[in-house]
Structures are given as C-alpha cells and as structure tokens.
$ cat my_file-v2.txt   # compact mmCIF, C-alpha atoms
# COMPACT_ATOMS: atom_id res chain seq x y z
CA MET T 1 100.97 90.75 111.93
CA GLY T 2 100.07 92.18 108.55
CA PHE T 3 101.79 94.60 106.23
CA ILE T 4 101.24 97.74 104.21
CA LEU T 5 101.14 97.38 100.43
CA ALA T 6 101.76 100.84 98.98
CA SER T 7 101.84 102.01 95.40
CA GLY T 8 101.86 105.37 93.73
CA CYS T 9 103.92 108.05 92.01
CA SER T 10 106.98 110.06 93.06
CA PHE T 11 105.43 110.84 96.45
CA THR T 12 105.57 107.09 97.15
CA ASP T 13 108.76 106.02 95.31
CA PRO T 14 111.49 105.32 97.91
CA ASN T 15 114.18 105.90 95.24
CA PHE T 16 112.75 109.12 93.78
CA LYS T 17 115.26 111.56 92.28
CA SER T 18 114.06 114.84 90.78
CA ALA T 19 114.87 115.13 87.07
CA ILE T 20 114.05 118.84 87.08
CA HIS T 21 115.96 119.64 90.29
CA PRO T 22 118.65 116.95 90.69
CA GLU T 23 120.27 118.99 93.48
CA TYR T 24 117.26 118.42 95.78
CA ASP T 25 117.82 115.97 98.60
CA THR T 26 115.05 113.38 98.20
CA SER T 27 116.52 110.82 100.60
CA TYR T 28 113.81 111.50 103.20
CA LEU T 29 111.35 108.76 104.16
CA LYS T 30 108.28 108.62 101.96
CA TRP T 31 104.78 108.17 103.39
CA PRO T 32 104.63 104.32 103.28
CA GLU T 33 107.76 103.99 105.42
CA ILE T 34 106.54 106.66 107.86
CA LEU T 35 103.18 104.91 108.19
CA GLY T 36 104.89 101.51 108.57
CA LYS T 37 107.01 102.81 111.44
CA ARG T 38 104.01 104.40 113.16
CA LEU T 39 101.91 101.24 112.85
CA ASN T 40 104.84 98.84 113.37
CA LYS T 41 104.05 97.09 110.07
CA ARG T 42 106.24 95.72 107.31
CA VAL T 43 106.04 97.81 104.13
CA ILE T 44 105.98 96.58 100.55
CA ASN T 45 106.44 99.71 98.48
CA LEU T 46 105.70 99.45 94.75
CA GLY T 47 105.85 103.21 94.14
CA LYS T 48 107.52 104.38 90.91
CA SER T 49 108.00 107.94 89.81
CA GLY T 50 106.30 108.93 86.56
CA VAL T 51 103.98 105.96 86.14
CA SER T 52 100.34 106.22 85.10
CA ASN T 53 97.31 105.39 87.24
CA ASP T 54 96.78 102.30 85.09
CA LYS T 55 100.32 101.08 85.77
CA ILE T 56 99.94 101.77 89.50
CA ALA T 57 96.70 99.74 89.70
CA THR T 58 98.01 96.95 87.47
CA GLY T 59 101.19 96.65 89.57
CA VAL T 60 99.19 96.18 92.77
CA ILE T 61 96.94 93.56 91.18
CA GLN T 62 99.92 91.66 89.73
CA LYS T 63 101.73 91.69 93.09
CA LEU T 64 98.67 90.37 94.91
CA ILE T 65 98.08 87.60 92.37
CA LYS T 66 101.73 86.58 92.24
CA ASP T 67 102.73 86.67 95.91
CA PHE T 68 99.62 86.32 98.07
CA ASP T 69 96.79 83.84 98.56
$ encode --input "my_file-v2.txt" --output "structure tokens"
Amino acid sequence: MGFILASGCSFTDPNFKSAIHPEYDTSYLKWPEILGKRLNKRVINLGKSGVSNDKIATGVIQKLIKDFD
C-alpha cells in the first residue's frame, strides 16, 4: 500500500508549539497528515521544529537505513 515519509521544520512537526506566541493554537493537522488522508496512506512524520537542513536530511537517511530494506 505504501506510506508517506515526511520530514521538515515546524511546518511539518505534528507537536509544534510556538515559543514566541505560546497562546497560538497549533493543534491543527500539518501537511503530512493532510496529504496522508487525501491519498489514504500511512504517514511517518519525522518533522521537528527548529532543526537544520542537515539534521532533516540525516534523519531521513537514518530512518531509511534502520527500518527499511
């Protein structure tokens, strides 16, 4: 069936909370979950707020090596 492997910054992080504006409601679905629902695919979301591009890329590579053939 397949899946969506997503990674990125605060726009991707399902647990994002704004440090600058903690009163903002950030409980809305982020793009990987919206796409997963539209395509009826399982989502593996590695998104983390505040990480660098290097960390984002490295996290995806490590996940693929560790958990997939």
$ atom_distance --input "my_file-v2.txt" --atom1 "atom CA of Lys37 of chain T" --atom2 "atom CA of Phe3 of chain T"
11.0 Å
$ residues_near_point --input "my_file-v2.txt" --point "(98.7, 97.9, 101.0)" --cutoff "10 Å" --atoms "all atoms listed in the file" --output "list of chain:residue names"
T:Gly2, T:Phe3, T:Ile4, T:Leu5, T:Ala6, T:Ser7, T:Pro32, T:Val43, T:Ile44, T:Asn45, T:Leu46, T:Val60, T:Leu64
$ atom_distance --input "my_file-v2.txt" --atom1 "atom CA of Ile65 of chain T" --atom2 "atom CA of Phe11 of chain T"
24.7 Å
$ atom_distance --input "my_file-v2.txt" --atom1 "atom CA of Ala57 of chain T" --atom2 "atom CA of Gly8 of chain T"
8.6 Å
$ residues_near_point --input "my_file-v2.txt" --point "(100.6, 105.4, 91.3)" --cutoff "8 Å" --atoms "all atoms listed in the file" --output "list in words"
Ser7, Gly8, Cys9, Thr12, Gly47, Lys48, Ser49, Val51, Ser52, Asn53, Asp54, Lys55, Ile56 and Ala57 of chain T
$ build_atoms --input "my_file-v2.txt" --residues "segment 33-44 of chain T" --atoms "N, CA, C and O atoms" --output "compact mmCIF listing (two decimals), keeping the file's coordinate frame"
# COMPACT_ATOMS: atom_id res chain seq x y z
N GLU T 33 106.82 104.35 104.36
CA GLU T 33 107.76 103.99 105.42
C GLU T 33 107.42 104.69 106.73
O GLU T 33 107.55 104.11 107.81
N ILE T 34 106.96 105.94 106.65
CA ILE T 34 106.54 106.66 107.86
C ILE T 34 105.35 105.96 108.49
O ILE T 34 105.32 105.71 109.70
N LEU T 35 104.36 105.60 107.68
CA LEU T 35 103.18 104.91 108.19
C LEU T 35 103.56 103.54 108.77
O LEU T 35 103.06 103.14 109.83
N GLY T 36 104.44 102.82 108.08
CA GLY T 36 104.89 101.51 108.57
C GLY T 36 105.54 101.60 109.94
O GLY T 36 105.30 100.77 110.81
N LYS T 37 106.37 102.63 110.13
CA LYS T 37 107.01 102.81 111.44
C LYS T 37 105.98 103.15 112.51
O LYS T 37 106.05 102.63 113.62
N ARG T 38 105.03 104.01 112.17
CA ARG T 38 104.01 104.40 113.16
C ARG T 38 103.12 103.23 113.56
O ARG T 38 102.69 103.14 114.71
N LEU T 39 102.81 102.37 112.58
CA LEU T 39 101.91 101.24 112.85
C LEU T 39 102.66 99.95 113.16
O LEU T 39 102.04 98.91 113.39
N ASN T 40 104.01 100.02 113.14
CA ASN T 40 104.84 98.84 113.37
C ASN T 40 104.48 97.70 112.41
O ASN T 40 104.24 96.57 112.80
N LYS T 41 104.40 98.06 111.12
CA LYS T 41 104.05 97.09 110.07
C LYS T 41 105.15 97.04 109.02
O LYS T 41 105.81 98.04 108.74
N ARG T 42 105.33 95.89 108.44
CA ARG T 42 106.24 95.72 107.31
C ARG T 42 105.64 96.45 106.10
O ARG T 42 104.43 96.47 105.91
N VAL T 43 106.49 97.05 105.28
CA VAL T 43 106.04 97.81 104.13
C VAL T 43 106.54 97.17 102.84
O VAL T 43 107.72 96.86 102.72
N ILE T 44 105.63 96.97 101.91
CA ILE T 44 105.98 96.58 100.55
C ILE T 44 105.62 97.79 99.70
O ILE T 44 104.46 98.12 99.54
